[in-house]
Amino acid sequence: MHAFLGFTLAEWVAALSLLTFVFGGCASLIRYFKNSISEPMKVAIDELREDLKESREQRKKNEGKLFRIADDHTKQLYNHEGRLNTLETITSSSVMRIDRAEKELQGE
């Protein structure tokens, strides 16, 4: 019999057949997992990425609207504050006039 590194030709063929079977099975499993898990996950990630992009664009648009509304409200607050100050001044001067008028009437 022919021997190479202490193994016969039949043992080498059996070992090579076994290795081919194991590596072929591993390659098939890898291909299966790639097609059944990796590809759908890649599609889902791409869809999620697109949804995030749309969400980001919508958020920017809404932020702009909110800032404009906040600016309008700030202007209205300043306007109201000015009007209140004017009313307080008018009321204060009217009260002072009434007080003076009462004092003059009492002093007569």
# chains A, B, ... in the order shown; residues from 1 in each chain; ligands from 1
>>> closest_atom_pairs(of="segment 28-90 of chain A", to="segment 18-24 of chain A", cutoff="12 Å", atoms="only C-alpha atoms", output="Markdown table")
| residue | atom | partner | partner_atom | distance |
| --- | --- | --- | --- | --- |
| A:Ser28 | CA | A:Gly24 | CA | 6.1 |
| A:Leu29 | CA | A:Gly24 | CA | 8.6 |
| A:Ile30 | CA | A:Gly24 | CA | 9.8 |
| A:Arg31 | CA | A:Gly24 | CA | 10.5 |
>>> write_last_selection(atoms="N, CA and C atoms", output="PDB file, in the first residue's frame")
ATOM      1  N   SER A  28     -22.894  26.364   2.974  1.00  0.00           N
ATOM      2  CA  SER A  28     -24.346  26.374   2.761  1.00  0.00           C
ATOM      3  C   SER A  28     -25.059  27.092   3.906  1.00  0.00           C
ATOM      4  N   LEU A  29     -24.625  26.847   5.144  1.00  0.00           N
ATOM      5  CA  LEU A  29     -25.227  27.532   6.291  1.00  0.00           C
ATOM      6  C   LEU A  29     -24.997  29.039   6.222  1.00  0.00           C
ATOM      7  N   ILE A  30     -23.805  29.404   5.848  1.00  0.00           N
ATOM      8  CA  ILE A  30     -23.492  30.836   5.733  1.00  0.00           C
ATOM      9  C   ILE A  30     -24.371  31.477   4.674  1.00  0.00           C
ATOM     10  N   ARG A  31     -24.513  30.834   3.527  1.00  0.00           N
ATOM     11  CA  ARG A  31     -25.356  31.344   2.451  1.00  0.00           C
ATOM     12  C   ARG A  31     -26.815  31.439   2.907  1.00  0.00           C
TER      13      ARG A  31
END
>>> select_by_dssp(residues="chain A", states="strand (DSSP E)", output="ChimeraX atom specification")
/A:3-4,7-8
>>> decode(residues="segment 41-55 of chain A", atoms="all heavy atoms", output="CSV table (one decimal), in the first residue's frame")
chain,number,residue,atom,x,y,z
A,41,MET,N,-32.5,42.1,6.9
A,41,MET,CA,-32.0,43.0,7.9
A,41,MET,C,-31.5,44.3,7.2
A,41,MET,O,-31.7,45.4,7.6
A,41,MET,CB,-31.0,42.4,8.8
A,41,MET,CG,-30.6,43.3,10.0
A,41,MET,SD,-29.4,42.6,11.1
A,41,MET,CE,-30.3,41.2,11.7
A,42,LYS,N,-30.8,44.0,6.1
A,42,LYS,CA,-30.2,45.2,5.3
A,42,LYS,C,-31.4,46.0,4.8
A,42,LYS,O,-31.3,47.2,4.8
A,42,LYS,CB,-29.3,44.6,4.2
A,42,LYS,CG,-28.7,45.7,3.4
A,42,LYS,CD,-27.8,45.1,2.3
A,42,LYS,CE,-27.3,46.2,1.4
A,42,LYS,NZ,-26.5,45.7,0.3
A,43,VAL,N,-32.4,45.4,4.3
A,43,VAL,CA,-33.6,46.1,3.7
A,43,VAL,C,-34.2,46.9,4.8
A,43,VAL,O,-34.6,48.1,4.7
A,43,VAL,CB,-34.5,45.1,3.1
A,43,VAL,CG1,-35.9,45.8,2.7
A,43,VAL,CG2,-33.9,44.5,1.8
A,44,ALA,N,-34.4,46.3,6.0
A,44,ALA,CA,-35.0,47.0,7.1
A,44,ALA,C,-34.2,48.2,7.6
A,44,ALA,O,-34.7,49.2,7.9
A,44,ALA,CB,-35.2,46.0,8.3
A,45,ILE,N,-32.9,48.0,7.6
A,45,ILE,CA,-32.0,49.1,8.0
A,45,ILE,C,-32.1,50.2,7.0
A,45,ILE,O,-32.1,51.4,7.4
A,45,ILE,CB,-30.6,48.6,8.2
A,45,ILE,CG1,-30.5,47.7,9.5
A,45,ILE,CG2,-29.6,49.8,8.3
A,45,ILE,CD1,-29.2,47.0,9.6
A,46,ASP,N,-32.1,49.9,5.7
A,46,ASP,CA,-32.2,50.9,4.7
A,46,ASP,C,-33.6,51.7,4.8
A,46,ASP,O,-33.6,52.9,4.7
A,46,ASP,CB,-32.1,50.3,3.3
A,46,ASP,CG,-30.7,49.8,3.0
A,46,ASP,OD1,-29.8,50.3,3.7
A,46,ASP,OD2,-30.5,49.0,2.0
A,47,GLU,N,-34.6,51.0,5.1
A,47,GLU,CA,-35.9,51.6,5.3
A,47,GLU,C,-35.9,52.5,6.5
A,47,GLU,O,-36.4,53.6,6.5
A,47,GLU,CB,-37.0,50.6,5.4
A,47,GLU,CG,-37.4,49.8,4.1
A,47,GLU,CD,-38.4,48.7,4.3
A,47,GLU,OE1,-38.8,48.5,5.5
A,47,GLU,OE2,-38.7,48.1,3.3
A,48,LEU,N,-35.3,52.0,7.6
A,48,LEU,CA,-35.2,52.8,8.8
A,48,LEU,C,-34.4,54.1,8.5
A,48,LEU,O,-34.7,55.2,9.0
A,48,LEU,CB,-34.5,52.0,9.9
A,48,LEU,CG,-34.3,52.6,11.3
A,48,LEU,CD1,-35.7,53.0,11.8
A,48,LEU,CD2,-33.6,51.7,12.2
A,49,ARG,N,-33.3,53.9,7.8
A,49,ARG,CA,-32.4,55.1,7.5
A,49,ARG,C,-33.3,56.1,6.7
A,49,ARG,O,-33.2,57.3,7.0
A,49,ARG,CB,-31.2,54.6,6.7
A,49,ARG,CG,-30.2,55.7,6.4
A,49,ARG,CD,-29.0,55.2,5.6
A,49,ARG,NE,-28.2,54.4,6.5
A,49,ARG,CZ,-27.9,53.1,6.3
A,49,ARG,NH1,-28.2,52.5,5.2
A,49,ARG,NH2,-27.2,52.4,7.2
A,50,GLU,N,-34.1,55.7,5.7
A,50,GLU,CA,-34.9,56.6,5.0
A,50,GLU,C,-36.0,57.3,5.8
A,50,GLU,O,-36.2,58.5,5.7
A,50,GLU,CB,-35.6,55.8,3.8
A,50,GLU,CG,-36.4,56.7,2.9
A,50,GLU,CD,-35.5,57.6,2.1
A,50,GLU,OE1,-34.3,57.3,1.8
A,50,GLU,OE2,-36.0,58.7,1.8
A,51,ASP,N,-36.6,56.5,6.8
A,51,ASP,CA,-37.6,57.1,7.7
A,51,ASP,C,-36.9,58.1,8.6
A,51,ASP,O,-37.5,59.2,8.8
A,51,ASP,CB,-38.2,56.0,8.5
A,51,ASP,CG,-39.1,55.1,7.8
A,51,ASP,OD1,-39.5,55.4,6.6
A,51,ASP,OD2,-39.5,54.0,8.3
A,52,LEU,N,-35.7,57.8,9.0
A,52,LEU,CA,-35.0,58.8,9.9
A,52,LEU,C,-34.7,60.1,9.1
A,52,LEU,O,-34.8,61.2,9.6
A,52,LEU,CB,-33.7,58.2,10.5
A,52,LEU,CG,-33.9,57.2,11.6
A,52,LEU,CD1,-32.6,56.6,11.9
A,52,LEU,CD2,-34.5,57.9,12.8
A,53,LYS,N,-34.3,59.9,7.9
A,53,LYS,CA,-34.0,61.1,7.0
A,53,LYS,C,-35.3,62.0,6.9
A,53,LYS,O,-35.3,63.2,7.0
A,53,LYS,CB,-33.5,60.7,5.7
A,53,LYS,CG,-33.1,61.8,4.8
A,53,LYS,CD,-32.6,61.2,3.4
A,53,LYS,CE,-32.3,62.4,2.5
A,53,LYS,NZ,-31.9,61.9,1.2
A,54,GLU,N,-36.4,61.3,6.6
A,54,GLU,CA,-37.7,62.0,6.4
A,54,GLU,C,-38.1,62.7,7.7
A,54,GLU,O,-38.6,63.8,7.7
A,54,GLU,CB,-38.8,61.1,5.9
A,54,GLU,CG,-38.6,60.6,4.5
A,54,GLU,CD,-39.6,59.5,4.1
A,54,GLU,OE1,-40.5,59.2,4.9
A,54,GLU,OE2,-39.5,58.9,3.0
A,55,SER,N,-37.9,62.0,8.8
A,55,SER,CA,-38.3,62.5,10.1
A,55,SER,C,-37.4,63.7,10.5
A,55,SER,O,-37.9,64.7,11.0
A,55,SER,CB,-38.1,61.4,11.2
A,55,SER,OG,-38.3,62.0,12.5
